[in-house]
>>> print(open('data-v7.cif').read())   # mmCIF, C-alpha atoms
data_run
#
loop_
_atom_site.label_atom_id
_atom_site.label_comp_id
_atom_site.auth_asym_id
_atom_site.auth_seq_id
_atom_site.Cartn_x
_atom_site.Cartn_y
_atom_site.Cartn_z
CA MET A 77 32.26 -340.08 -31.27
CA THR A 78 35.13 -340.97 -28.94
CA ALA A 79 36.86 -338.53 -26.63
CA PRO A 80 40.33 -337.43 -27.80
CA PRO A 81 43.59 -337.89 -25.89
CA HIS A 82 43.77 -334.27 -24.67
CA GLU A 83 41.06 -335.16 -22.12
CA ALA A 84 43.85 -336.50 -19.89
CA ARG A 85 43.74 -333.43 -17.68
CA PRO A 86 40.16 -333.39 -16.34
CA PRO A 87 38.50 -330.17 -15.23
CA ARG A 88 37.79 -329.66 -11.58
CA ALA A 89 34.85 -331.72 -10.39
CA GLY A 90 31.51 -330.00 -10.10
CA ARG A 91 31.51 -330.56 -6.35
CA SER A 92 34.65 -330.93 -4.25
CA LEU A 93 35.20 -334.09 -2.24
CA PRO A 94 36.09 -333.78 1.47
CA ASP A 95 39.70 -333.99 2.67
CA THR A 96 39.09 -337.23 4.53
CA GLN A 97 40.27 -340.78 3.97
CA GLN A 98 36.97 -341.53 2.24
CA GLY A 99 37.28 -338.36 0.15
CA MET A 100 40.83 -339.32 -0.87
CA ARG A 101 39.62 -342.77 -1.90
CA ARG A 102 36.89 -341.26 -4.06
CA ARG A 103 39.37 -338.88 -5.69
CA ASN A 104 41.71 -341.77 -6.45
CA LEU A 105 38.86 -343.75 -8.00
CA ALA A 106 38.24 -340.74 -10.24
CA ARG A 107 41.94 -340.50 -11.12
CA VAL A 108 41.93 -344.13 -12.23
CA MET A 109 38.82 -343.61 -14.36
CA HIS A 110 40.22 -340.51 -16.04
CA ALA A 111 43.58 -342.17 -16.72
CA VAL A 112 41.99 -345.21 -18.36
CA ARG A 113 39.48 -343.09 -20.30
CA ALA A 114 42.18 -340.77 -21.66
CA GLN A 115 45.07 -343.19 -22.24
CA GLY A 116 43.67 -346.72 -22.07
CA PRO A 117 43.62 -349.60 -22.42
CA LEU A 118 46.12 -349.76 -19.52
CA SER A 119 47.40 -352.40 -17.16
CA ARG A 120 47.29 -351.89 -13.40
CA ALA A 121 51.03 -351.22 -13.43
CA ALA A 122 50.64 -348.59 -16.17
CA ILE A 123 47.84 -346.89 -14.24
CA ALA A 124 49.97 -346.83 -11.09
CA SER A 125 52.82 -345.26 -13.01
CA ARG A 126 50.61 -342.57 -14.52
CA ILE A 127 48.80 -341.46 -11.37
CA GLY A 128 51.60 -341.99 -8.85
CA LEU A 129 50.05 -344.66 -6.60
CA THR A 130 51.36 -348.08 -5.66
CA ARG A 131 50.30 -351.03 -7.76
CA ALA A 132 48.61 -352.57 -4.70
CA ALA A 133 46.54 -349.43 -4.14
CA VAL A 134 45.59 -349.27 -7.82
CA SER A 135 44.60 -352.95 -7.82
CA THR A 136 42.19 -352.32 -4.95
CA LEU A 137 40.67 -349.35 -6.76
CA VAL A 138 40.45 -351.24 -10.06
CA ASP A 139 38.74 -354.18 -8.34
CA GLU A 140 36.05 -351.82 -7.05
CA LEU A 141 35.56 -350.11 -10.40
CA THR A 142 35.39 -353.46 -12.18
CA ARG A 143 32.86 -354.79 -9.66
CA TRP A 144 30.70 -351.72 -10.28
CA GLY A 145 30.84 -352.32 -14.03
CA LEU A 146 32.77 -349.12 -14.81
CA LEU A 147 35.98 -350.81 -15.99
CA GLU A 148 36.36 -354.08 -17.87
CA GLU A 149 39.22 -356.54 -18.39
CA LEU A 150 40.31 -356.93 -22.00
CA GLY A 151 42.79 -359.76 -21.45
CA PRO A 152 46.62 -359.78 -21.46
CA GLU A 153 48.51 -356.76 -22.80
CA ARG A 154 50.01 -357.01 -26.25
CA PRO A 155 53.33 -358.92 -26.38
CA GLY A 156 56.69 -357.20 -26.65
CA ARG A 157 56.70 -355.50 -23.25
CA VAL A 158 59.29 -356.29 -20.59
CA GLY A 159 58.16 -358.40 -17.65
CA ARG A 160 55.06 -360.41 -16.96
CA PRO A 161 52.13 -359.15 -19.05
CA GLY A 162 49.30 -357.57 -17.11
CA SER A 163 45.64 -357.56 -17.96
CA ALA A 164 44.61 -354.53 -20.01
CA LEU A 165 41.76 -352.47 -18.60
CA ALA A 166 39.34 -350.22 -20.48
CA VAL A 167 36.37 -348.09 -19.58
CA SER A 168 33.26 -350.21 -19.89
CA GLY A 169 31.11 -349.94 -22.98
CA SER A 170 28.07 -350.89 -20.91
CA GLY A 171 26.69 -349.65 -17.59
CA PRO A 172 26.11 -345.92 -16.90
CA ALA A 173 25.34 -343.62 -19.81
CA GLY A 174 24.84 -339.88 -20.10
CA ILE A 175 21.50 -338.85 -21.54
CA GLY A 176 21.69 -335.47 -23.25
CA ALA A 177 18.69 -333.53 -24.51
CA GLU A 178 18.24 -330.24 -26.34
CA VAL A 179 15.20 -328.00 -26.59
CA GLY A 180 15.72 -325.86 -29.67
CA VAL A 181 13.42 -323.26 -31.17
CA ASP A 182 12.83 -325.56 -34.15
CA HIS A 183 13.68 -329.03 -32.86
CA LEU A 184 14.02 -331.46 -29.95
CA ALA A 185 16.93 -333.90 -29.72
CA VAL A 186 18.07 -336.62 -27.30
CA CYS A 187 21.11 -338.89 -27.29
CA ALA A 188 22.79 -341.49 -25.08
CA VAL A 189 26.60 -341.45 -24.67
CA ASP A 190 28.50 -344.29 -23.02
CA LEU A 191 31.47 -343.88 -20.68
CA ARG A 192 33.87 -344.26 -23.60
CA GLY A 193 32.34 -341.18 -25.23
CA GLY A 194 30.48 -343.00 -27.98
CA VAL A 195 27.02 -341.85 -29.06
CA ARG A 196 24.98 -345.05 -28.88
CA VAL A 197 21.41 -343.83 -29.47
CA ARG A 198 19.95 -340.65 -30.94
CA ALA A 199 16.43 -339.32 -31.58
CA VAL A 200 15.34 -336.01 -33.16
CA ARG A 201 11.97 -334.30 -33.68
CA HIS A 202 11.88 -331.34 -36.09
CA GLY A 203 9.18 -328.70 -35.71
CA THR A 204 8.80 -325.29 -34.13
CA ASN A 205 8.59 -324.81 -30.37
CA ARG A 206 8.29 -321.04 -30.57
CA GLY A 207 5.30 -319.75 -28.61
CA ARG A 208 4.35 -323.20 -27.33
CA ALA A 209 3.84 -323.64 -23.59
CA PRO A 210 6.58 -325.57 -21.78
CA GLU A 211 4.26 -328.43 -20.77
CA PRO A 212 3.53 -329.95 -24.21
CA VAL A 213 7.10 -329.37 -25.39
CA ILE A 214 8.59 -331.13 -22.37
CA GLU A 215 6.01 -333.92 -22.69
CA GLU A 216 7.28 -334.53 -26.24
CA LEU A 217 10.85 -334.37 -24.96
CA ARG A 218 9.99 -336.90 -22.27
CA GLY A 219 8.75 -339.26 -24.98
CA LEU A 220 12.05 -338.94 -26.86
CA VAL A 221 14.02 -339.49 -23.65
CA GLN A 222 12.02 -342.63 -22.85
CA ARG A 223 12.62 -343.94 -26.37
CA VAL A 224 16.37 -343.32 -26.16
CA VAL A 225 16.61 -344.83 -22.67
CA ALA A 226 14.72 -347.94 -23.80
CA GLU A 227 17.03 -348.41 -26.79
CA ALA A 228 20.08 -347.80 -24.60
CA GLU A 229 18.90 -350.39 -22.09
CA ARG A 230 18.74 -352.94 -24.90
CA GLU A 231 22.47 -352.25 -25.32
CA ASP A 232 23.08 -352.87 -21.60
CA LEU A 233 23.27 -349.19 -20.67
CA TRP A 234 21.37 -347.37 -17.93
CA PRO A 235 20.86 -343.61 -17.49
CA ALA A 236 23.24 -342.06 -14.95
CA GLY A 237 21.59 -338.66 -15.44
CA LEU A 238 19.72 -336.40 -17.83
CA ALA A 239 21.12 -333.02 -18.90
CA VAL A 240 18.91 -330.66 -20.93
CA ALA A 241 20.24 -327.78 -23.05
CA VAL A 242 17.85 -324.84 -23.49
CA PRO A 243 18.12 -321.52 -25.38
CA GLY A 244 17.65 -319.31 -22.35
CA LEU A 245 18.68 -318.23 -18.87
CA VAL A 246 18.72 -321.00 -16.27
CA ASP A 247 18.53 -320.43 -12.53
CA ARG A 248 21.35 -321.69 -10.35
CA ASP A 249 18.95 -324.36 -9.02
CA GLY A 250 19.81 -326.23 -12.24
CA HIS A 251 16.27 -326.91 -13.43
CA THR A 252 14.32 -323.63 -13.80
CA VAL A 253 14.36 -321.75 -17.11
CA VAL A 254 14.08 -318.15 -15.94
CA ARG A 255 13.67 -316.70 -19.41
CA ALA A 256 13.92 -318.04 -22.94
CA PRO A 257 12.90 -315.14 -25.24
CA ASN A 258 12.83 -317.12 -28.47
CA LEU A 259 10.57 -319.74 -26.88
CA ASP A 260 8.61 -317.16 -24.85
CA TRP A 261 9.16 -319.20 -21.68
CA HIS A 262 9.31 -317.58 -18.27
CA HIS A 263 10.11 -319.34 -14.97
CA ALA A 264 9.51 -322.82 -16.38
CA ASP A 265 10.48 -325.48 -13.82
CA LEU A 266 11.66 -328.42 -15.94
CA GLY A 267 12.29 -330.42 -12.77
CA ALA A 268 8.55 -330.35 -12.05
CA LEU A 269 7.81 -331.26 -15.68
CA LEU A 270 10.28 -334.19 -15.72
CA PRO A 271 9.68 -335.92 -12.37
CA GLY A 272 10.72 -339.43 -11.44
CA GLY A 273 13.48 -339.86 -14.01
CA PRO A 274 17.27 -339.89 -13.76
CA PRO A 275 19.02 -336.99 -11.94
CA LEU A 276 18.29 -333.82 -13.92
CA THR A 277 20.47 -330.85 -14.87
CA VAL A 278 19.32 -327.96 -17.08
CA ASP A 279 21.72 -325.42 -18.53
CA ASN A 280 22.04 -322.87 -21.29
CA GLU A 281 22.79 -324.39 -24.69
CA ALA A 282 25.83 -322.15 -25.16
CA ASN A 283 27.33 -323.45 -21.92
CA PHE A 284 26.93 -327.06 -23.00
CA GLY A 285 28.31 -326.17 -26.44
CA ALA A 286 31.41 -324.69 -24.83
CA LEU A 287 31.90 -327.75 -22.63
CA ALA A 288 31.63 -329.99 -25.67
CA GLU A 289 34.31 -327.91 -27.38
CA LEU A 290 36.53 -328.14 -24.29
CA TRP A 291 36.15 -331.91 -23.94
CA LEU A 292 35.82 -333.02 -27.57
CA GLY A 293 37.43 -330.29 -29.66
CA THR A 294 40.79 -330.70 -31.33
CA GLY A 295 43.48 -328.50 -29.80
CA THR A 296 40.99 -326.33 -27.90
CA PRO A 297 42.77 -324.28 -25.20
CA ARG A 298 41.49 -324.08 -21.62
CA ASP A 299 40.75 -320.35 -21.97
CA PHE A 300 38.39 -319.35 -24.78
CA LEU A 301 35.16 -317.62 -25.71
CA HIS A 302 32.67 -319.92 -27.41
CA VAL A 303 29.95 -318.39 -29.60
CA SER A 304 27.10 -320.43 -31.04
CA ALA A 305 23.98 -319.57 -32.98
CA GLU A 306 20.67 -320.89 -34.15
CA ILE A 307 17.67 -318.58 -34.04
CA GLY A 308 19.41 -316.85 -31.14
CA ILE A 309 23.06 -316.29 -30.36
CA GLY A 310 24.72 -317.42 -27.14
CA ALA A 311 28.22 -317.33 -25.77
CA ALA A 312 30.11 -319.00 -22.98
CA VAL A 313 33.39 -318.04 -21.37
CA VAL A 314 35.78 -320.82 -20.32
CA VAL A 315 38.64 -319.90 -17.97
CA ASP A 316 41.18 -322.57 -16.98
CA GLY A 317 38.77 -325.28 -18.10
CA GLN A 318 35.84 -323.91 -16.08
CA LEU A 319 32.72 -322.06 -17.17
CA LEU A 320 32.52 -318.44 -16.01
CA ARG A 321 28.85 -318.31 -15.00
CA GLY A 322 28.43 -314.94 -13.30
CA THR A 323 26.66 -314.13 -10.04
CA ARG A 324 23.22 -315.38 -11.16
CA GLY A 325 24.49 -317.88 -13.71
CA PHE A 326 23.46 -315.68 -16.64
CA ALA A 327 26.89 -314.85 -18.11
CA GLY A 328 27.30 -315.14 -21.88
CA GLU A 329 24.18 -313.44 -23.29
CA LEU A 330 26.08 -312.10 -26.28
CA GLY A 331 23.00 -312.24 -28.50
CA HIS A 332 21.41 -309.47 -26.47
CA VAL A 333 24.36 -307.10 -26.62
CA PRO A 334 23.12 -304.06 -28.59
CA VAL A 335 25.17 -303.40 -31.70
CA ARG A 336 22.86 -300.61 -32.93
CA PRO A 337 20.90 -299.10 -30.02
CA ASP A 338 18.28 -297.61 -32.38
CA GLY A 339 17.81 -300.92 -34.24
CA PRO A 340 14.75 -303.18 -34.44
CA PRO A 341 13.03 -304.50 -31.27
CA CYS A 342 14.16 -307.85 -29.85
CA PRO A 343 12.05 -310.44 -27.96
CA CYS A 344 14.24 -309.74 -24.91
CA GLY A 345 12.74 -306.23 -24.68
CA GLY A 346 15.79 -304.38 -25.98
CA ARG A 347 16.52 -302.88 -29.38
CA GLY A 348 19.25 -303.49 -31.93
CA CYS A 349 20.51 -306.68 -30.26
CA LEU A 350 23.08 -308.81 -32.06
CA GLU A 351 20.46 -311.53 -32.70
CA GLN A 352 18.53 -309.06 -34.87
CA TYR A 353 21.50 -308.93 -37.26
CA ALA A 354 23.33 -312.24 -36.97
CA GLY A 355 20.76 -314.84 -35.89
CA GLU A 356 19.62 -317.38 -38.51
CA GLU A 357 16.23 -315.79 -39.08
CA ALA A 358 17.71 -312.28 -39.24
CA VAL A 359 20.13 -313.36 -41.96
CA LEU A 360 17.31 -315.05 -43.89
CA ARG A 361 15.24 -311.87 -43.74
CA ALA A 362 18.17 -309.76 -44.90
CA ALA A 363 18.76 -312.17 -47.79
CA GLY A 364 15.09 -312.16 -48.79
CA LEU A 365 14.65 -315.92 -48.20
CA GLU A 366 11.78 -317.83 -46.60
CA PRO A 367 12.48 -320.01 -43.54
CA GLY A 368 12.84 -323.73 -44.11
CA GLU A 369 13.87 -326.80 -42.12
CA ASP A 370 17.61 -326.50 -42.83
CA LEU A 371 18.28 -322.77 -42.59
CA VAL A 372 22.05 -323.08 -42.43
CA GLY A 373 22.16 -325.50 -45.34
CA LEU A 374 20.04 -323.16 -47.44
CA LEU A 375 22.20 -320.12 -46.67
CA ALA A 376 25.45 -322.02 -47.24
CA GLU A 377 24.18 -323.43 -50.55
CA ARG A 378 23.12 -320.01 -51.83
CA ALA A 379 26.31 -318.33 -50.64
CA ALA A 380 28.48 -320.99 -52.27
CA ALA A 381 26.54 -320.51 -55.50
CA GLY A 382 27.41 -316.80 -55.45
CA ASP A 383 24.02 -315.40 -54.41
CA THR A 384 24.80 -311.69 -53.93
CA ALA A 385 21.98 -311.00 -51.46
CA VAL A 386 22.92 -313.94 -49.25
CA ARG A 387 26.59 -313.06 -49.28
CA ARG A 388 25.78 -309.46 -48.38
CA ALA A 389 23.53 -310.61 -45.52
CA LEU A 390 26.27 -312.90 -44.18
CA ARG A 391 28.88 -310.16 -44.51
CA ASP A 392 26.68 -307.76 -42.54
CA ALA A 393 26.03 -310.47 -39.92
CA GLY A 394 29.78 -310.98 -39.58
CA THR A 395 30.25 -307.25 -39.08
CA ALA A 396 27.61 -307.14 -36.33
CA LEU A 397 29.11 -310.21 -34.70
CA GLY A 398 32.57 -308.66 -34.81
CA ILE A 399 31.31 -305.49 -33.12
CA ALA A 400 29.69 -307.48 -30.29
CA LEU A 401 32.70 -309.77 -29.91
CA THR A 402 35.09 -306.83 -29.71
CA GLY A 403 33.57 -305.76 -26.39
CA ALA A 404 33.84 -309.28 -24.99
CA VAL A 405 37.41 -309.72 -26.23
CA ASN A 406 38.54 -306.36 -24.85
CA LEU A 407 36.93 -307.15 -21.49
CA LEU A 408 37.98 -310.79 -21.10
CA ASP A 409 41.16 -311.20 -23.22
CA PRO A 410 40.47 -314.85 -24.18
CA GLU A 411 43.14 -316.98 -25.84
CA THR A 412 40.81 -317.58 -28.78
CA VAL A 413 37.24 -317.24 -29.99
CA VAL A 414 35.53 -320.43 -31.18
CA LEU A 415 32.56 -320.25 -33.54
CA GLY A 416 30.11 -323.09 -33.10
CA GLY A 417 26.53 -324.00 -33.94
CA ALA A 418 25.14 -322.49 -37.12
CA LEU A 419 28.04 -320.05 -37.23
CA ALA A 420 30.45 -322.90 -37.94
CA GLY A 421 28.63 -323.85 -41.15
CA LEU A 422 28.55 -320.24 -42.34
CA SER A 423 32.07 -319.29 -41.30
CA PRO A 424 33.54 -318.92 -44.84
CA TRP A 425 31.26 -315.92 -45.42
CA LEU A 426 31.12 -314.57 -41.84
CA LEU A 427 34.79 -314.63 -40.91
CA PRO A 428 36.20 -312.00 -43.32
CA SER A 429 34.03 -309.11 -42.06
CA LEU A 430 34.10 -310.42 -38.47
CA SER A 431 37.91 -310.49 -38.50
CA VAL A 432 38.09 -306.96 -39.90
CA GLU A 433 35.99 -305.65 -37.01
CA LEU A 434 38.00 -307.55 -34.39
CA ALA A 435 41.33 -306.39 -35.82
CA GLY A 436 40.22 -302.76 -36.05
CA ARG A 437 38.49 -302.49 -32.68
CA THR A 438 40.48 -304.73 -30.31
CA ALA A 439 42.79 -302.81 -27.97
CA GLY A 440 45.53 -305.45 -28.05
CA PRO A 441 46.64 -307.88 -30.76
CA ALA A 442 43.81 -309.36 -32.79
CA CYS A 443 42.26 -312.38 -31.06
CA PRO A 444 42.42 -315.53 -33.21
CA VAL A 445 39.09 -317.04 -34.29
CA SER A 446 38.64 -320.75 -34.95
CA VAL A 447 35.70 -322.83 -36.14
CA SER A 448 34.31 -325.73 -34.11
CA GLY A 449 34.21 -329.11 -35.78
CA LEU A 450 31.15 -330.05 -33.71
CA GLY A 451 28.82 -327.61 -35.44
CA PRO A 452 25.18 -327.70 -34.28
CA GLU A 453 25.79 -330.97 -32.38
CA GLY A 454 27.76 -329.17 -29.66
CA PRO A 455 25.00 -328.43 -27.11
CA LEU A 456 23.50 -331.93 -27.30
CA LEU A 457 26.90 -333.63 -27.02
CA GLY A 458 27.97 -331.28 -24.22
CA ALA A 459 24.81 -332.12 -22.27
CA ALA A 460 25.34 -335.89 -22.56
CA HIS A 461 29.06 -335.67 -21.84
CA SER A 462 28.43 -333.55 -18.74
CA VAL A 463 26.68 -336.58 -17.23
CA VAL A 464 29.53 -338.85 -18.30
CA ARG A 465 32.07 -336.47 -16.75
CA ALA A 466 30.13 -336.54 -13.48
CA VAL A 467 30.50 -340.34 -13.45
CA LEU A 468 34.23 -340.12 -14.16
CA ASP A 469 34.70 -337.38 -11.53
CA ASP A 470 33.00 -339.38 -8.75
CA PRO A 471 32.41 -343.00 -9.76
CA ALA A 472 31.62 -343.98 -6.16
CA ALA A 473 28.51 -341.76 -6.23
CA VAL A 474 27.21 -343.65 -9.25
CA ALA A 475 27.87 -346.98 -7.55
CA GLU A 476 25.90 -345.80 -4.52
CA ARG A 477 22.88 -345.00 -6.71
CA SER A 478 22.93 -348.19 -8.77
#
>>> encode(input="data-v7.cif", output="structure tokens")
Amino acid sequence: MTAPPHEARPPRAGRSLPDTQQGMRRRNLARVMHAVRAQGPLSRAAIASRIGLTRAAVSTLVDELTRWGLLEELGPERPGRVGRPGSALAVSGSGPAGIGAEVGVDHLAVCAVDLRGGVRVRAVRHGTNRGRAPEPVIEELRGLVQRVVAEAEREDLWPAGLAVAVPGLVDRDGHTVVRAPNLDWHHADLGALLPGGPPLTVDNEANFGALAELWLGTGTPRDFLHVSAEIGIGAAVVVDGQLLRGTRGFAGELGHVPVRPDGPPCPCGGRGCLEQYAGEEAVLRAAGLEPGEDLVGLLAERAAAGDTAVRRALRDAGTALGIALTGAVNLLDPETVVLGGALAGLSPWLLPSLSVELAGRTAGPACPVSVSGLGPEGPLLGAAHSVVRAVLDDPAAVAERS
């Protein structure tokens, strides 16, 4: 998968660079990388025109980036342009890669994404992780990561970082899972369980799913509410291209918003939470179906075939989701709501009742709802691309580590 043109305006870097001559140089290196990634291949003159620097300054920056293996020369530009043809530059297809990983309730997944945005290697292990201790799960994940890194290295890539998506609350330290109810994990330090590897970041799967939608989605605005589901339901709020994390980093726990306070108990300790009505397993129970490996596929197949029980379960799930979303929409006033994860595959049967609730309960005009094209791949892709974005946002830092 290659990043689309609307990536041209990058989000603010995760850490600001100092207002010094060295800081300015690093910001300009990032501007060159983003310009070539979004609009390349480009000549030095075209880069200079796009980012507003002199050609001499751009040439110096390009020479550094080429020496570090982040840009590569493709040869002379295509004929037909006025003046002496320059050498076209592109983001390198080798060198640093983002390693993304996902710990799901029923699977583990790892992928490697190059600087161009292409997924080069992928590995998946299906099987439940519910109720298992973090140590054996992360040991299995480590094995998948090592396999993906080894295959990536055979393609002349090396890991610039590892980002892990988890279905739970993550401390602001970026590596401790404070609570993951559907895994039954509490205060699990993944940094201690994954020592000695590439730089590690851990985040909530909904956050990575939202970032994937921001960076890879088609026509996604910079202000939206992203909702994704598997066994649980998560949400992430994006404002002006940035995640709204909250004071402790726990913003977006839509799945634990009560839609019926006297409803069934939830693993979080509450009652009547949205997950108990709109999560995958809840919908299966309501439809009278047994869990299988491809829950979404099973539900979609039955619904498309006209199964009355499944359609009723999905309609009720859409109603519950609409009730929970109404509170978020009234509070935050997003430009749009994006359904991702399992919800994307079930949207034909969820959206009608969801839209009725939103239209009837929202204080202002009804908020539009769109469906992500990334589906369940969002969190994994968002994790890997977060590492790639860190390279693009500060290429000098990567050069210093290599």
>>> atom_distance(input="data-v7.cif", atom1="atom CA of Leu259 of chain A", atom2="atom CA of Gly308 of chain A")
10.2 Å
>>> residues_around(input="data-v7.cif", residues="Arg196 of chain A", least_positions_apart="5", cutoff="12 Å", atoms="only C-alpha atoms", output="list in words")
Met77, Thr78, Gly169, Ser170, Ala173, Gly174, Ile175, Gly176, Val186, Cys187, Ala188, Val189, Asp190, Leu191, Val224, Val225, Ala226, Glu227, Ala228, Glu229, Arg230, Glu231, Asp232, Leu233, Trp234, Leu457 and Ala460 of chain A
>>> write_last_selection(input="data-v7.cif", atoms="C-alpha atoms", output="compact mmCIF listing (two decimals), keeping the file's coordinate frame")
# COMPACT_ATOMS: atom_id res chain seq x y z
CA MET A 77 32.26 -340.08 -31.27
CA THR A 78 35.13 -340.97 -28.94
CA GLY A 169 31.11 -349.94 -22.98
CA SER A 170 28.07 -350.89 -20.91
CA ALA A 173 25.34 -343.62 -19.81
CA GLY A 174 24.84 -339.88 -20.10
CA ILE A 175 21.50 -338.85 -21.54
CA GLY A 176 21.69 -335.47 -23.25
CA VAL A 186 18.07 -336.62 -27.30
CA CYS A 187 21.11 -338.89 -27.29
CA ALA A 188 22.79 -341.49 -25.08
CA VAL A 189 26.60 -341.45 -24.67
CA ASP A 190 28.50 -344.29 -23.02
CA LEU A 191 31.47 -343.88 -20.68
CA VAL A 224 16.37 -343.32 -26.16
CA VAL A 225 16.61 -344.83 -22.67
CA ALA A 226 14.72 -347.94 -23.80
CA GLU A 227 17.03 -348.41 -26.79
CA ALA A 228 20.08 -347.80 -24.60
CA GLU A 229 18.90 -350.39 -22.09
CA ARG A 230 18.74 -352.94 -24.90
CA GLU A 231 22.47 -352.25 -25.32
CA ASP A 232 23.08 -352.87 -21.60
CA LEU A 233 23.27 -349.19 -20.67
CA TRP A 234 21.37 -347.37 -17.93
CA LEU A 457 26.90 -333.63 -27.02
CA ALA A 460 25.34 -335.89 -22.56
>>> residues_around(input="data-v7.cif", residues="Pro424 of chain A", least_positions_apart="5", cutoff="12 Å", atoms="all atoms listed in the file", output="NGL selection string")
:A and (375-377 or 379-380 or 387 or 390-391 or 394 or 415 or 418-419 or 429-431 or 446-447)
>>> residues_near_point(input="data-v7.cif", point="(40.9, -326.4, -24.9)", cutoff="10 Å", atoms="all atoms listed in the file", output="list of chain:residue names")
A:His82, A:Glu83, A:Ala286, A:Leu287, A:Ala288, A:Glu289, A:Leu290, A:Trp291, A:Leu292, A:Gly293, A:Thr294, A:Gly295, A:Thr296, A:Pro297, A:Arg298, A:Asp299, A:Phe300, A:Val314, A:Val315, A:Asp316, A:Gly317, A:Glu411, A:Thr412
>>> write_last_selection(input="data-v7.cif", atoms="C-alpha atoms", output="mmCIF file, in the frame of the given file")
data_model
loop_
_atom_site.group_PDB
_atom_site.id
_atom_site.type_symbol
_atom_site.label_atom_id
_atom_site.label_comp_id
_atom_site.auth_asym_id
_atom_site.auth_seq_id
_atom_site.Cartn_x
_atom_site.Cartn_y
_atom_site.Cartn_z
ATOM 1 C CA HIS A 82 43.770 -334.270 -24.670
ATOM 2 C CA GLU A 83 41.060 -335.160 -22.120
ATOM 3 C CA ALA A 286 31.410 -324.690 -24.830
ATOM 4 C CA LEU A 287 31.900 -327.750 -22.630
ATOM 5 C CA ALA A 288 31.630 -329.990 -25.670
ATOM 6 C CA GLU A 289 34.310 -327.910 -27.380
ATOM 7 C CA LEU A 290 36.530 -328.140 -24.290
ATOM 8 C CA TRP A 291 36.150 -331.910 -23.940
ATOM 9 C CA LEU A 292 35.820 -333.020 -27.570
ATOM 10 C CA GLY A 293 37.430 -330.290 -29.660
ATOM 11 C CA THR A 294 40.790 -330.700 -31.330
ATOM 12 C CA GLY A 295 43.480 -328.500 -29.800
ATOM 13 C CA THR A 296 40.990 -326.330 -27.900
ATOM 14 C CA PRO A 297 42.770 -324.280 -25.200
ATOM 15 C CA ARG A 298 41.490 -324.080 -21.620
ATOM 16 C CA ASP A 299 40.750 -320.350 -21.970
ATOM 17 C CA PHE A 300 38.390 -319.350 -24.780
ATOM 18 C CA VAL A 314 35.780 -320.820 -20.320
ATOM 19 C CA VAL A 315 38.640 -319.900 -17.970
ATOM 20 C CA ASP A 316 41.180 -322.570 -16.980
ATOM 21 C CA GLY A 317 38.770 -325.280 -18.100
ATOM 22 C CA GLU A 411 43.140 -316.980 -25.840
ATOM 23 C CA THR A 412 40.810 -317.580 -28.780
#
>>> resolve_selection(input="data-v7.cif", expression="the PyMOL selection byres ((chain A and resi 248) around 12)", output="PyMOL selection string")
chain A and resi 245-247+249-254+277-280+321-327
>>> residues_near_point(input="data-v7.cif", point="(38.2, -341.0, -15.8)", cutoff="9 Å", atoms="all atoms listed in the file", output="PyMOL selection string")
chain A and resi 84+86+105-114+167+191+465+467-471
>>> atom_distance(input="data-v7.cif", atom1="atom CA of Glu351 of chain A", atom2="atom CA of Ala393 of chain A")
9.2 Å
>>> closest_residue(input="data-v7.cif", among="A:Pro257, A:Gly339, A:Pro212, A:Pro441", to="Asn406 of chain A", atoms="only C-alpha atoms")
A:Pro441
>>> axis_aligned_box(input="data-v7.cif", around="segment 318-322 of chain A", padding_each_side="4 Å", output="lines of an AutoDock Vina configuration file")
center_x = 32.1
center_y = -319.4
center_z = -15.2
size_x = 15.4
size_y = 17.0
size_z = 11.9
>>> resolve_selection(input="data-v7.cif", expression="the PyMOL selection byres ((chain A and resi 204) around 12)", output="PyMOL selection string")
chain A and resi 179-184+201-203+205-209+213+258-259+307+367-369
>>> resolve_selection(input="data-v7.cif", expression="the PyMOL selection byres ((chain A and resi 304) around 7)", output="PDB file with C-alpha atoms, keeping the file's coordinate frame")
ATOM      1  CA  ALA A 282      25.830-322.150 -25.160  1.00  0.00           C
ATOM      2  CA  HIS A 302      32.670-319.920 -27.410  1.00  0.00           C
ATOM      3  CA  VAL A 303      29.950-318.390 -29.600  1.00  0.00           C
ATOM      4  CA  ALA A 305      23.980-319.570 -32.980  1.00  0.00           C
ATOM      5  CA  ILE A 309      23.060-316.290 -30.360  1.00  0.00           C
ATOM      6  CA  GLY A 310      24.720-317.420 -27.140  1.00  0.00           C
ATOM      7  CA  ALA A 311      28.220-317.330 -25.770  1.00  0.00           C
ATOM      8  CA  LEU A 415      32.560-320.250 -33.540  1.00  0.00           C
ATOM      9  CA  GLY A 416      30.110-323.090 -33.100  1.00  0.00           C
ATOM     10  CA  GLY A 417      26.530-324.000 -33.940  1.00  0.00           C
ATOM     11  CA  ALA A 418      25.140-322.490 -37.120  1.00  0.00           C
ATOM     12  CA  LEU A 419      28.040-320.050 -37.230  1.00  0.00           C
TER      13      LEU A 419
END
>>> closest_residue(input="data-v7.cif", among="A:Cys344, A:Cys443, A:Val195, A:Leu276", to="His262 of chain A", atoms="all atoms listed in the file")
A:Cys344
>>> atom_distance(input="data-v7.cif", atom1="atom CA of Ala363 of chain A", atom2="atom CA of Gly285 of chain A")
27.3 Å
>>> residues_around(input="data-v7.cif", residues="Glu211 of chain A", least_positions_apart="5", cutoff="12 Å", atoms="all atoms listed in the file", output="MDAnalysis selection string")
chainID A and resid 205 216:218 261 264:270
>>> closest_residue(input="data-v7.cif", among="A:Val445, A:Val335, A:Ala389, A:Ile214", to="Glu357 of chain A", atoms="only C-alpha atoms")
A:Ala389
>>> closest_residue(input="data-v7.cif", among="A:Gly345, A:Gly151, A:Gly219, A:Gly398", to="Leu118 of chain A", atoms="only C-alpha atoms")
A:Gly151
